[in-house]
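To be precise, the following lines are query_17.csv, and they hold CSV, C-alpha atoms and all ligand atoms.
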```
chain,number,residue,atom,x,y,z
C,1,MET,CA,28.5,-285.5,5.8
C,2,THR,CA,24.7,-285.3,6.6
C,3,PRO,CA,22.5,-283.1,4.5
C,4,ARG,CA,22.3,-280.6,7.4
C,5,ALA,CA,26.0,-280.5,7.8
C,6,ALA,CA,26.4,-279.9,4.1
C,7,ASP,CA,23.9,-277.0,4.4
C,8,ARG,CA,25.9,-275.6,7.3
C,9,ALA,CA,29.1,-275.7,5.2
C,10,ARG,CA,27.3,-274.0,2.3
C,11,TYR,CA,25.9,-271.2,4.5
C,12,ASP,CA,29.2,-270.7,6.3
C,13,ARG,CA,31.0,-270.5,3.0
C,14,ALA,CA,28.5,-268.1,1.5
C,15,THR,CA,28.6,-265.7,4.4
C,16,ALA,CA,32.3,-266.1,5.3
C,17,ALA,CA,32.9,-262.4,4.6
C,18,LEU,CA,29.8,-261.2,6.5
C,19,ASP,CA,29.5,-260.7,10.2
C,20,ALA,CA,26.6,-262.1,12.2
C,21,PRO,CA,23.9,-261.4,13.2
C,22,LEU,CA,22.5,-261.8,9.8
C,23,ALA,CA,19.6,-263.6,8.1
C,24,LEU,CA,19.5,-265.6,4.9
C,25,VAL,CA,17.1,-267.1,2.5
C,26,ASP,CA,18.1,-270.3,0.7
C,27,LEU,CA,16.7,-269.5,-2.8
C,28,GLU,CA,16.5,-273.1,-4.1
C,29,ALA,CA,14.6,-274.2,-1.0
C,30,PHE,CA,12.3,-271.1,-1.2
C,31,ASP,CA,11.5,-271.7,-4.9
C,32,ALA,CA,11.0,-275.5,-4.2
C,33,ASN,CA,8.6,-274.6,-1.4
C,34,ALA,CA,6.7,-272.1,-3.7
C,35,ASP,CA,6.4,-274.9,-6.4
C,36,ASP,CA,5.0,-277.3,-3.8
C,37,LEU,CA,2.3,-274.8,-2.7
C,38,VAL,CA,1.3,-274.4,-6.3
C,39,ARG,CA,1.2,-278.1,-6.8
C,40,ARG,CA,-0.9,-278.6,-3.7
C,41,ALA,CA,-3.3,-275.9,-4.8
C,42,ALA,CA,-4.1,-278.0,-7.9
C,43,GLY,CA,-4.9,-275.2,-10.3
C,44,LYS,CA,-6.4,-272.6,-7.9
C,45,PRO,CA,-4.4,-269.5,-7.5
C,46,VAL,CA,-2.4,-269.0,-4.3
C,47,ARG,CA,-2.6,-265.6,-2.7
C,48,VAL,CA,0.7,-264.9,-0.9
C,49,ALA,CA,0.3,-263.9,2.8
C,50,SER,CA,2.6,-260.9,3.2
C,51,LYS,CA,2.9,-261.2,7.0
C,52,SER,CA,4.7,-264.5,6.5
C,53,VAL,CA,7.3,-262.9,4.2
C,54,ARG,CA,7.7,-259.2,5.0
C,55,CYS,CA,10.1,-258.6,2.2
C,56,ARG,CA,8.8,-256.8,-0.9
C,57,ALA,CA,11.3,-258.2,-3.3
C,58,LEU,CA,10.4,-261.8,-2.3
C,59,LEU,CA,6.7,-261.0,-2.6
C,60,GLU,CA,7.4,-259.8,-6.1
C,61,ARG,CA,9.4,-262.9,-6.9
C,62,VAL,CA,6.6,-265.2,-5.8
C,63,LEU,CA,4.0,-263.2,-7.7
C,64,GLY,CA,6.1,-263.6,-10.8
C,65,ARG,CA,5.7,-267.4,-10.6
C,66,GLU,CA,2.9,-269.2,-12.3
C,67,GLY,CA,0.2,-270.2,-9.8
C,68,PHE,CA,0.4,-267.2,-7.5
C,69,ALA,CA,-2.0,-264.2,-7.7
C,70,GLY,CA,-2.5,-261.4,-5.3
C,71,VAL,CA,-1.2,-260.4,-1.9
C,72,MET,CA,-3.0,-261.0,1.5
C,73,SER,CA,-1.8,-258.1,3.6
C,74,PHE,CA,-2.0,-257.5,7.3
C,75,THR,CA,-2.5,-253.7,7.9
C,76,LEU,CA,-4.2,-250.9,5.9
C,77,ALA,CA,-1.0,-248.8,6.0
C,78,GLU,CA,0.9,-251.8,4.5
C,79,SER,CA,-1.8,-252.4,1.9
C,80,LEU,CA,-1.6,-248.8,0.7
C,81,TRP,CA,2.1,-248.9,0.7
C,82,LEU,CA,2.1,-252.0,-1.5
C,83,ALA,CA,-0.6,-250.6,-3.8
C,84,ARG,CA,1.4,-247.4,-4.3
C,85,ALA,CA,4.4,-249.6,-5.1
C,86,GLY,CA,2.5,-251.3,-7.9
C,87,PHE,CA,0.9,-254.3,-6.3
C,88,GLU,CA,-2.5,-254.5,-8.0
C,89,ASP,CA,-4.5,-257.0,-6.0
C,90,VAL,CA,-4.1,-256.6,-2.2
C,91,LEU,CA,-6.6,-258.2,0.2
C,92,LEU,CA,-6.3,-256.9,3.7
C,93,ALA,CA,-7.2,-259.9,5.7
C,94,TYR,CA,-7.9,-258.2,9.0
C,95,PRO,CA,-10.4,-255.4,9.9
C,96,SER,CA,-8.8,-252.0,10.4
C,97,ALA,CA,-9.5,-248.9,12.4
C,98,ASP,CA,-7.0,-246.8,10.6
C,99,ARG,CA,-9.1,-243.7,9.8
C,100,ALA,CA,-6.4,-241.8,8.0
C,101,GLY,CA,-5.7,-244.8,5.9
C,102,PHE,CA,-9.4,-245.1,4.9
C,103,ALA,CA,-9.5,-241.4,4.0
C,104,GLU,CA,-6.6,-242.0,1.7
C,105,LEU,CA,-8.1,-245.1,0.2
C,106,ALA,CA,-11.4,-243.5,-0.5
C,107,ARG,CA,-10.0,-240.5,-2.4
C,108,ASP,CA,-7.4,-242.3,-4.6
C,109,PRO,CA,-8.8,-244.3,-7.6
C,110,LYS,CA,-5.6,-246.4,-7.9
C,111,LEU,CA,-5.6,-247.4,-4.3
C,112,ALA,CA,-9.3,-248.0,-4.2
C,113,ALA,CA,-9.0,-250.3,-7.3
C,114,ALA,CA,-6.1,-252.3,-5.8
C,115,VAL,CA,-7.1,-252.8,-2.1
C,116,THR,CA,-9.9,-254.8,-0.7
C,117,VAL,CA,-10.7,-254.4,3.0
C,118,MET,CA,-12.1,-257.0,5.5
C,119,VAL,CA,-15.5,-256.5,7.2
C,120,ASP,CA,-17.5,-258.7,9.6
C,121,ASP,CA,-19.6,-256.0,11.3
C,122,VAL,CA,-21.7,-253.0,10.1
C,123,ALA,CA,-19.8,-250.8,12.6
C,124,GLN,CA,-16.7,-251.2,10.5
C,125,LEU,CA,-18.6,-249.9,7.5
C,126,ASP,CA,-19.7,-246.9,9.7
C,127,LEU,CA,-16.1,-246.3,10.7
C,128,ILE,CA,-15.0,-246.3,7.0
C,129,ASP,CA,-17.8,-243.9,6.1
C,130,ALA,CA,-17.0,-241.5,8.9
C,131,ALA,CA,-13.3,-241.6,8.0
C,132,ARG,CA,-13.7,-241.2,4.2
C,133,ALA,CA,-13.9,-237.4,4.6
C,134,GLY,CA,-15.7,-236.8,1.3
C,135,GLY,CA,-13.5,-239.4,-0.6
C,136,ALA,CA,-16.0,-240.8,-3.2
C,137,GLU,CA,-14.1,-243.9,-4.5
C,138,ALA,CA,-16.0,-247.2,-3.9
C,139,VAL,CA,-14.3,-249.2,-1.2
C,140,ARG,CA,-13.8,-252.9,-2.2
C,141,VAL,CA,-15.1,-255.1,0.7
C,142,CYS,CA,-14.6,-258.7,1.6
C,143,LEU,CA,-16.7,-260.5,4.2
C,144,GLU,CA,-15.1,-262.8,6.7
C,145,MET,CA,-17.0,-265.8,8.1
C,146,ASP,CA,-16.2,-267.7,11.3
C,147,THR,CA,-14.8,-271.1,10.6
C,148,ALA,CA,-14.5,-272.5,14.1
C,149,LEU,CA,-15.8,-276.0,14.9
C,150,SER,CA,-18.5,-275.9,17.5
C,151,LEU,CA,-19.1,-279.0,19.6
C,152,LEU,CA,-21.5,-280.1,22.4
C,153,GLY,CA,-24.1,-277.6,21.4
C,154,GLY,CA,-21.7,-274.7,21.3
C,155,ARG,CA,-20.0,-275.4,24.7
C,156,VAL,CA,-16.7,-276.3,23.0
C,157,ARG,CA,-15.2,-274.2,20.3
C,158,VAL,CA,-12.2,-275.1,18.3
C,159,GLY,CA,-10.8,-272.2,16.2
C,160,ALA,CA,-9.5,-268.7,16.4
C,161,ARG,CA,-11.8,-265.9,17.6
C,162,ARG,CA,-12.2,-263.9,14.5
C,163,SER,CA,-15.5,-263.1,12.7
C,164,PRO,CA,-18.8,-263.3,14.7
C,165,LEU,CA,-20.6,-264.4,11.6
C,166,ARG,CA,-21.2,-268.2,11.2
C,167,SER,CA,-24.5,-268.9,9.4
C,168,PRO,CA,-25.5,-268.3,5.8
C,169,ALA,CA,-28.2,-266.0,7.0
C,170,GLN,CA,-25.8,-263.9,9.0
C,171,LEU,CA,-23.4,-263.5,6.1
C,172,ALA,CA,-26.2,-262.8,3.7
C,173,GLU,CA,-27.5,-260.1,6.0
C,174,LEU,CA,-24.2,-258.3,6.1
C,175,ALA,CA,-23.8,-258.8,2.4
C,176,ARG,CA,-27.2,-256.9,1.9
C,177,SER,CA,-25.9,-254.1,4.2
C,178,VAL,CA,-22.9,-253.7,2.0
C,179,VAL,CA,-24.6,-253.8,-1.4
C,180,ARG,CA,-27.3,-251.3,-0.2
C,181,ARG,CA,-24.8,-248.9,1.0
C,182,PRO,CA,-23.4,-246.3,-1.4
C,183,GLY,CA,-19.6,-246.1,-1.6
C,184,PHE,CA,-18.9,-249.9,-1.2
C,185,ARG,CA,-18.5,-252.9,-3.5
C,186,LEU,CA,-18.8,-256.4,-2.2
C,187,VAL,CA,-16.2,-258.4,-4.0
C,188,GLY,CA,-15.1,-261.3,-1.8
C,189,LEU,CA,-15.7,-263.7,1.0
C,190,MET,CA,-12.9,-265.1,3.2
C,191,ALA,CA,-13.0,-268.1,5.6
C,192,TYR,CA,-9.6,-268.9,7.2
C,193,GLU,CA,-9.6,-272.2,9.0
C,194,GLY,CA,-6.5,-271.6,11.2
C,195,HIS,CA,-7.2,-274.6,13.4
C,196,VAL,CA,-6.7,-276.8,10.3
C,197,ALA,CA,-4.1,-274.7,8.4
C,198,GLY,CA,-2.0,-273.6,11.2
C,199,VAL,CA,-1.9,-276.4,13.8
C,200,GLY,CA,0.6,-279.2,13.2
C,201,ASP,CA,-0.9,-282.7,13.3
C,202,ALA,CA,2.3,-284.7,13.4
C,203,VAL,CA,4.2,-283.3,16.4
C,204,ALA,CA,7.4,-285.3,17.1
C,205,GLY,CA,7.2,-287.1,20.4
C,206,ARG,CA,3.5,-286.3,20.9
C,207,PRO,CA,1.6,-289.2,19.2
C,208,LEU,CA,-1.6,-289.0,21.2
C,209,ARG,CA,-1.9,-285.3,20.8
C,210,SER,CA,-1.2,-285.6,17.1
C,211,ARG,CA,-3.9,-288.2,16.7
C,212,ALA,CA,-6.4,-286.0,18.5
C,213,VAL,CA,-5.4,-283.1,16.3
C,214,ARG,CA,-6.0,-285.2,13.2
C,215,ALA,CA,-9.4,-286.3,14.4
C,216,MET,CA,-10.4,-282.7,15.2
C,217,GLN,CA,-9.1,-281.4,11.9
C,218,ALA,CA,-11.0,-284.1,9.9
C,219,ALA,CA,-14.2,-283.2,11.7
C,220,ALA,CA,-13.5,-279.5,11.3
C,221,ARG,CA,-12.9,-279.9,7.5
C,222,ARG,CA,-16.1,-281.8,7.0
C,223,GLU,CA,-18.3,-279.4,8.9
C,224,LEU,CA,-16.7,-276.3,7.3
C,225,ALA,CA,-16.9,-277.6,3.7
C,226,GLY,CA,-20.7,-277.9,4.0
C,227,ARG,CA,-21.1,-274.6,5.8
C,228,ARG,CA,-18.7,-272.7,3.5
C,229,ALA,CA,-20.6,-273.9,0.4
C,230,ALA,CA,-23.9,-272.8,1.9
C,231,VAL,CA,-22.5,-269.4,2.9
C,232,VAL,CA,-21.1,-268.8,-0.5
C,233,GLY,CA,-24.4,-269.7,-2.1
C,234,ALA,CA,-26.3,-267.2,0.2
C,235,VAL,CA,-23.8,-264.4,-0.4
C,236,ARG,CA,-23.7,-265.0,-4.1
C,237,ALA,CA,-27.5,-264.7,-4.1
C,238,VAL,CA,-27.1,-261.2,-2.8
C,239,ALA,CA,-24.0,-260.3,-4.8
C,240,PRO,CA,-23.8,-262.4,-8.0
C,241,GLU,CA,-20.7,-260.4,-9.0
C,242,LEU,CA,-18.6,-261.7,-6.1
C,243,GLU,CA,-15.0,-262.0,-7.5
C,244,PHE,CA,-13.4,-264.5,-5.1
C,245,VAL,CA,-13.8,-266.9,-2.2
C,246,ASN,CA,-10.5,-267.1,-0.2
C,247,GLY,CA,-9.7,-269.9,2.3
C,248,GLY,CA,-7.0,-271.9,3.8
C,249,GLY,CA,-3.3,-271.4,4.8
C,250,THR,CA,-0.1,-273.3,4.4
C,251,GLY,CA,-1.2,-276.4,6.3
C,252,SER,CA,-4.5,-276.9,4.5
C,253,VAL,CA,-3.8,-275.8,0.9
C,254,GLN,CA,-4.8,-279.1,-0.9
C,255,HIS,CA,-7.9,-279.6,1.3
C,256,THR,CA,-9.2,-276.1,1.0
C,257,ALA,CA,-8.5,-275.9,-2.7
C,258,ALA,CA,-10.5,-279.1,-3.2
C,259,GLU,CA,-13.7,-277.4,-2.1
C,260,ALA,CA,-15.7,-276.3,-5.2
C,261,ALA,CA,-16.9,-273.1,-3.4
C,262,VAL,CA,-13.4,-271.9,-2.8
C,263,THR,CA,-11.8,-269.9,-5.8
C,264,GLU,CA,-8.3,-269.2,-4.3
C,265,VAL,CA,-6.2,-270.3,-1.3
C,266,ALA,CA,-3.8,-268.2,0.9
C,267,ALA,CA,-0.4,-269.2,2.0
C,268,GLY,CA,2.8,-267.6,3.2
C,269,SER,CA,4.6,-269.6,5.9
C,270,GLY,CA,5.1,-272.5,3.5
C,271,LEU,CA,7.7,-270.4,1.7
C,272,PHE,CA,10.1,-269.9,4.5
C,273,VAL,CA,9.0,-273.0,6.4
C,274,PRO,CA,9.7,-271.9,10.0
C,275,ARG,CA,10.0,-274.4,12.9
C,276,LEU,CA,6.2,-274.5,13.6
C,277,PHE,CA,5.6,-275.8,10.1
C,278,ASP,CA,7.6,-279.0,10.5
C,279,ASP,CA,4.9,-281.0,12.1
C,280,TYR,CA,2.3,-281.5,9.3
C,281,THR,CA,1.2,-284.7,7.5
C,282,SER,CA,-0.2,-282.5,4.6
C,283,PHE,CA,3.2,-281.4,3.4
C,284,THR,CA,7.0,-281.4,4.0
C,285,GLY,CA,8.8,-278.1,3.2
C,286,ARG,CA,12.4,-277.2,3.2
C,287,PRO,CA,13.7,-274.7,5.9
C,288,ALA,CA,14.4,-271.7,3.7
C,289,ALA,CA,15.0,-268.9,6.1
C,290,LEU,CA,17.7,-268.9,8.8
C,291,PHE,CA,19.5,-266.4,11.0
C,292,ALA,CA,23.0,-266.6,12.4
C,293,GLN,CA,24.3,-265.3,15.7
C,294,PRO,CA,28.1,-265.1,16.3
C,295,VAL,CA,29.9,-267.1,19.0
C,296,VAL,CA,31.3,-264.5,21.4
C,297,ARG,CA,32.6,-266.5,24.3
C,298,ARG,CA,33.2,-270.0,25.7
C,299,PRO,CA,32.1,-270.2,29.3
C,300,GLY,CA,33.4,-273.8,29.7
C,301,VAL,CA,33.4,-277.3,28.3
C,302,GLY,CA,30.3,-278.1,26.3
C,303,VAL,CA,29.0,-274.6,26.2
C,304,VAL,CA,29.4,-271.5,24.0
C,305,THR,CA,27.6,-268.2,24.2
C,306,VAL,CA,26.3,-266.4,21.1
C,307,LEU,CA,25.2,-262.8,20.9
C,308,GLY,CA,21.4,-262.2,21.0
C,309,GLY,CA,19.0,-264.6,19.5
C,310,GLY,CA,16.0,-264.1,21.9
C,311,TYR,CA,13.4,-263.6,19.2
C,312,PRO,CA,10.3,-265.4,20.4
C,313,ALA,CA,7.3,-265.6,18.1
C,314,SER,CA,3.8,-264.3,18.8
C,315,GLY,CA,1.0,-266.5,20.2
C,316,ALA,CA,0.4,-268.2,23.5
C,317,ALA,CA,3.8,-268.1,25.2
C,318,GLY,CA,5.6,-271.5,25.3
C,319,ARG,CA,8.7,-273.3,24.3
C,320,ASP,CA,7.3,-273.8,20.8
C,321,ARG,CA,7.5,-270.1,20.2
C,322,LEU,CA,11.3,-270.0,20.6
C,323,PRO,CA,13.8,-270.1,17.7
C,324,VAL,CA,15.6,-273.4,17.5
C,325,PRO,CA,19.4,-273.7,17.3
C,326,TYR,CA,19.7,-275.6,14.0
C,327,LEU,CA,23.3,-275.7,12.8
C,328,PRO,CA,25.6,-277.2,13.9
C,329,GLU,CA,23.2,-279.9,14.8
C,330,GLY,CA,23.0,-280.9,18.5
C,331,LEU,CA,23.1,-277.6,20.3
C,332,ARG,CA,20.4,-276.8,22.9
C,333,TYR,CA,19.4,-273.9,25.2
C,334,ASP,CA,20.3,-273.8,28.9
C,335,PRO,CA,16.8,-274.4,30.3
C,336,ARG,CA,17.4,-271.7,33.0
C,337,GLU,CA,18.3,-269.0,30.5
C,338,GLY,CA,16.7,-269.8,27.1
C,339,PRO,CA,17.6,-267.5,24.2
C,340,GLY,CA,18.6,-264.2,25.7
C,341,GLU,CA,18.1,-260.5,25.0
C,342,VAL,CA,21.8,-260.1,24.5
C,343,GLN,CA,23.5,-263.4,25.2
C,344,THR,CA,22.4,-267.0,24.6
C,345,PRO,CA,24.4,-269.9,26.1
C,346,LEU,CA,24.2,-273.1,24.0
C,347,LEU,CA,24.9,-276.5,25.4
C,348,GLY,CA,26.0,-279.7,23.8
C,349,SER,CA,29.2,-281.4,22.4
C,350,PRO,CA,29.2,-279.4,19.1
C,351,ALA,CA,30.0,-276.4,21.3
C,352,ASP,CA,33.5,-277.6,21.7
C,353,ASP,CA,34.2,-277.4,18.0
C,354,LEU,CA,33.0,-273.8,17.8
C,355,ARG,CA,35.5,-270.9,17.9
C,356,ILE,CA,34.9,-267.2,18.7
C,357,GLY,CA,33.4,-265.6,15.7
C,358,ASP,CA,31.9,-268.8,14.2
C,359,LYS,CA,28.2,-268.7,13.3
C,360,VAL,CA,25.4,-270.6,14.9
C,361,TRP,CA,22.4,-270.9,12.6
C,362,PHE,CA,18.8,-270.7,14.0
C,363,ARG,CA,15.3,-271.2,12.7
C,364,HIS,CA,12.6,-268.8,13.8
C,365,ALA,CA,9.4,-270.4,15.1
C,366,LYS,CA,7.2,-268.3,12.7
C,367,ALA,CA,7.8,-267.0,9.2
C,368,GLY,CA,7.6,-263.2,8.7
C,369,GLU,CA,8.4,-262.1,12.3
C,370,LEU,CA,12.1,-263.0,11.6
C,371,CYS,CA,12.1,-259.9,9.2
C,372,GLU,CA,11.2,-257.6,12.1
C,373,ARG,CA,14.7,-258.4,13.5
C,374,PHE,CA,16.8,-258.0,10.4
C,375,GLU,CA,17.1,-255.2,7.8
C,376,SER,CA,18.1,-257.4,5.0
C,377,LEU,CA,18.0,-261.0,3.8
C,378,CYS,CA,21.0,-262.5,2.1
C,379,LEU,CA,19.9,-264.6,-0.9
C,380,VAL,CA,22.0,-267.8,-1.1
C,381,VAL,CA,22.3,-270.0,-4.1
C,382,GLY,CA,24.6,-273.0,-3.6
C,383,ASP,CA,27.4,-271.5,-1.5
C,384,ARG,CA,27.2,-267.9,-2.8
C,385,VAL,CA,25.3,-264.9,-1.7
C,386,VAL,CA,23.7,-263.7,-5.0
C,387,ASP,CA,21.7,-260.7,-3.7
C,388,THR,CA,20.8,-258.8,-0.5
C,389,LEU,CA,17.1,-257.8,-0.2
C,390,PRO,CA,15.7,-255.3,2.3
C,391,THR,CA,13.0,-256.5,4.6
C,392,TYR,CA,10.0,-254.3,5.5
C,393,ARG,CA,12.2,-253.2,8.4
C,394,GLY,CA,15.0,-252.5,6.1
C,395,GLU,CA,12.7,-250.2,4.1
C,396,GLY,CA,11.9,-248.4,7.3
C,397,ARG,CA,8.5,-250.0,7.6
C,398,THR,CA,7.1,-251.5,10.8
C,399,PHE,CA,3.4,-252.0,10.5
C,400,LEU,CA,2.7,-253.8,13.7
J,501,LIG,C1,-6.6,-264.8,7.0
J,501,LIG,C2,-5.4,-265.7,6.9
J,501,LIG,N1,-5.3,-266.5,5.8
J,501,LIG,C3,-4.3,-267.3,5.7
J,501,LIG,C4,-3.3,-267.4,6.6
J,501,LIG,C5,-2.2,-268.4,6.4
J,501,LIG,O1,-0.9,-267.9,6.4
J,501,LIG,P1,0.3,-268.9,6.4
J,501,LIG,O2,0.3,-269.7,5.2
J,501,LIG,O3,1.4,-268.0,6.5
J,501,LIG,O4,0.2,-269.7,7.7
J,501,LIG,C6,-3.4,-266.6,7.8
J,501,LIG,C7,-2.3,-266.7,8.8
J,501,LIG,O5,-2.5,-266.3,9.9
J,501,LIG,C8,-4.5,-265.7,7.9
J,501,LIG,O6,-4.6,-264.9,9.0
```

If you convert what's in this file into structure tokens, what do you get?
Ligand SMILES: Cc1ncc(COP(=O)(O)O)c(C=O)c1O
Amino acid sequence: MTPRAADRARYDRATAALDAPLALVDLEAFDANADDLVRRAAGKPVRVASKSVRCRALLERVLGREGFAGVMSFTLAESLWLARAGFEDVLLAYPSADRAGFAELARDPKLAAAVTVMVDDVAQLDLIDAARAGGAEAVRVCLEMDTALSLLGGRVRVGARRSPLRSPAQLAELARSVVRRPGFRLVGLMAYEGHVAGVGDAVAGRPLRSRAVRAMQAAARRELAGRRAAVVGAVRAVAPELEFVNGGGTGSVQHTAAEAAVTEVAAGSGLFVPRLFDDYTSFTGRPAALFAQPVVRRPGVGVVTVLGGGYPASGAAGRDRLPVPYLPEGLRYDPREGPGEVQTPLLGSPADDLRIGDKVWFRHAKAGELCERFESLCLVVGDRVVDTLPTYRGEGRTFL
């Protein structure tokens, strides 16, 4: 039996009494992935990216482990919800225009002490001030810098369009605006190199592309290390009490952590290890999150149809955003149909061994988005379900 076939047998046994659709987390794989992130961070704390988990109990589990500290959240409403639930260090990694949320933040000392918000523009400070409605608590602020690699005199740009601030002088200027302004505390700097941390550099069957990605990423890392250190120096000169410098993501943990200017790294996807995180030379994780759809009919030889499964991931639309049929090994989509809203035909010889009611196991392309489709995650150890945890959705929370 191959290791994958053995996993299938375990997952089928563990969930034999449960009907699909359902989602599971293989706890041993999840914990092994968490250990690997900590090992790669080499002593610097790992801040867990909540959008890549979207399950409060799993965030708590990770934060209970040595080597993890703090949450990186994705909306202000989520950040306040987590802080109210007792999470003490929540860095909101994206700017917000949630006026009601800012009003709540600025009038509650517990929330204001726990949550740090992201800023890359004075207009965002203005919005917070207009929203605070008399709330006098100091709002903790983190500045975000642009990490993109700029080539050919700025004509080619590699990297996500996030912060407009690139140079030490630009970041220092915004830092001065924050420290001069009553009601704000500058506590952090963040620089997320998504073009290094979130782009696979060893894509199966694409050797030329993979080589080009590796060359690009090596150049990007070199350029960013120098600029990040200069920016941190310039911002610390304005705000010597800066508490943290956050960088990186699952694909770049060891490289980002190696920069002296960085005090902590962020990572989340490396816990579930979805399909898009298979193609990296920097690490090999274990697929820890799967979902099952039931076989509901058999249209002919070499084909079965499962219920649902059309859960594409966000990002530029393409085949790489689709979930992949994972177990049993050897099933593929009908190219004319793909994974469907309600029905998904699957082709391949393993189809002939599947009966009505059997489970087909899939991996999502991305990590946390899976939890927008399921209300709970079955925690599997060996061939037993040891617990069932609500996802954010299961707690009635959909933040985006
Ligand atoms: C600011 C920031 N840091 C880190 C990450 C890395 O998260 P992950 O490890 O889940 O890829 C992301 C993901 O998009 C991000 O936006």

### Message
When you count all atoms listed in the file, which of these residues is closest to ligand LIG 501 (chain J): C:Thr116, C:Ser210, C:Ser269, C:Ser252?
### Response
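Closest to ligand LIG 501 (chain J), using all atoms listed in the file: C:Ser269.
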
### Message
Between C:Arg56, C:Arg99, C:Lys366, C:Arg384, which residue has the minimum interatomic distance to Gly198 of chain C, considering all atoms listed in the file?
### Response
C:Lys366

Can you build me a table of chain C residues sitting at most 10 Å from ligand LIG 501 (chain J), with the closest atom pair per residue and its distance in Å to one decimal, using only C-alpha atoms and all ligand atoms, sorted by chain and residue number, as a Markdown table?
```
| residue | atom | partner | partner_atom | distance |
| --- | --- | --- | --- | --- |
| C:Leu37 | CA | J:LIG501 | O2 | 9.6 |
| C:Val46 | CA | J:LIG501 | O2 | 9.9 |
| C:Arg47 | CA | J:LIG501 | C3 | 8.7 |
| C:Val48 | CA | J:LIG501 | O2 | 7.8 |
| C:Ala49 | CA | J:LIG501 | O1 | 5.5 |
| C:Ser50 | CA | J:LIG501 | O3 | 7.9 |
| C:Lys51 | CA | J:LIG501 | O3 | 7.0 |
| C:Ser52 | CA | J:LIG501 | O3 | 4.8 |
| C:Val53 | CA | J:LIG501 | O3 | 8.1 |
| C:Met72 | CA | J:LIG501 | N1 | 7.4 |
| C:Ser73 | CA | J:LIG501 | C1 | 8.9 |
| C:Phe74 | CA | J:LIG501 | O6 | 8.0 |
| C:Leu91 | CA | J:LIG501 | C1 | 9.5 |
| C:Leu92 | CA | J:LIG501 | C1 | 8.6 |
| C:Ala93 | CA | J:LIG501 | C1 | 5.1 |
| C:Tyr94 | CA | J:LIG501 | C1 | 7.0 |
| C:Met118 | CA | J:LIG501 | C1 | 9.7 |
| C:Glu144 | CA | J:LIG501 | C1 | 8.7 |
| C:Ala160 | CA | J:LIG501 | O6 | 9.7 |
| C:Arg162 | CA | J:LIG501 | C1 | 9.4 |
| C:Met190 | CA | J:LIG501 | C1 | 7.4 |
| C:Ala191 | CA | J:LIG501 | C1 | 7.3 |
| C:Tyr192 | CA | J:LIG501 | C1 | 5.1 |
| C:Glu193 | CA | J:LIG501 | N1 | 7.8 |
| C:Gly194 | CA | J:LIG501 | O5 | 6.8 |
| C:Ala197 | CA | J:LIG501 | O4 | 6.6 |
| C:Gly198 | CA | J:LIG501 | O4 | 5.7 |
| C:Val199 | CA | J:LIG501 | O4 | 9.3 |
| C:Asn246 | CA | J:LIG501 | N1 | 8.0 |
| C:Gly247 | CA | J:LIG501 | N1 | 6.6 |
| C:Gly248 | CA | J:LIG501 | C3 | 5.7 |
| C:Gly249 | CA | J:LIG501 | C5 | 3.6 |
| C:Thr250 | CA | J:LIG501 | O2 | 3.7 |
| C:Gly251 | CA | J:LIG501 | O2 | 7.0 |
| C:Ser252 | CA | J:LIG501 | O2 | 8.7 |
| C:Val253 | CA | J:LIG501 | O2 | 8.5 |
| C:Val265 | CA | J:LIG501 | C3 | 7.8 |
| C:Ala266 | CA | J:LIG501 | C3 | 4.9 |
| C:Ala267 | CA | J:LIG501 | O2 | 3.3 |
| C:Gly268 | CA | J:LIG501 | O3 | 3.6 |
| C:Ser269 | CA | J:LIG501 | O3 | 3.6 |
| C:Gly270 | CA | J:LIG501 | O2 | 5.8 |
| C:Leu271 | CA | J:LIG501 | O2 | 8.2 |
| C:Phe272 | CA | J:LIG501 | O3 | 9.1 |
| C:Val273 | CA | J:LIG501 | O3 | 9.1 |
| C:Pro274 | CA | J:LIG501 | O3 | 9.8 |
| C:Leu276 | CA | J:LIG501 | O4 | 9.7 |
| C:Phe277 | CA | J:LIG501 | O4 | 8.5 |
| C:Lys366 | CA | J:LIG501 | O3 | 8.5 |
| C:Ala367 | CA | J:LIG501 | O3 | 7.0 |
| C:Gly368 | CA | J:LIG501 | O3 | 8.1 |
```

### Query
What gap, in Å, lies between atom CA of Thr305 of chain C and atom CA of Arg363 of chain C?
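Going from atom CA of Thr305 of chain C over to atom CA of Arg363 of chain C covers 17.1 Å.
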
### Message
Can you tell me which residues surround segment 211-221 of chain C at a distance of at most 8 Å, considering all atoms listed in the file, apart from same-chain residues fewer than 3 positions away, and format the answer as a list of chain:residue names?
### Response
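Selected residues are C:Ala148, C:Leu149, C:His195, C:Val196, C:Val199, C:Gly200, C:Asp201, C:Ala202, C:Pro207, C:Leu208, C:Leu224, C:Ala225, C:His255.
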
### Query
Got a sec: who's within 8 Å of segment 81-84 of chain C, counting all atoms listed in the file, leaving out chain neighbours fewer than 6 positions off, as number ranges by chain?
C: 90, 110-111, 114-115

### Task
List the neighbours of Ala103 of chain C out to 7 Å using all atoms listed in the file; skip same-chain residues closer than 6 positions along the sequence, and give me the result as a VMD selection string.
chain C and resid 131 to 133 135

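You can rank C:Leu27, C:Leu174, C:Ala5, C:Val342 by their closest distance to Ala289 of chain C using only C-alpha atoms, and at the top of that list sits C:Leu27.
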
### Nearest to Trp361 of chain C by atom-to-atom distance, counting all atoms listed in the file, from C:Asp35, C:Met1, C:Tyr11, C:Asp89
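Answer, going by the shortest atom-to-atom distance: C:Tyr11.
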
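Interatomic distance, atom CA of Leu125 of chain C against atom CA of Ala106 of chain C: 12.5 Å.
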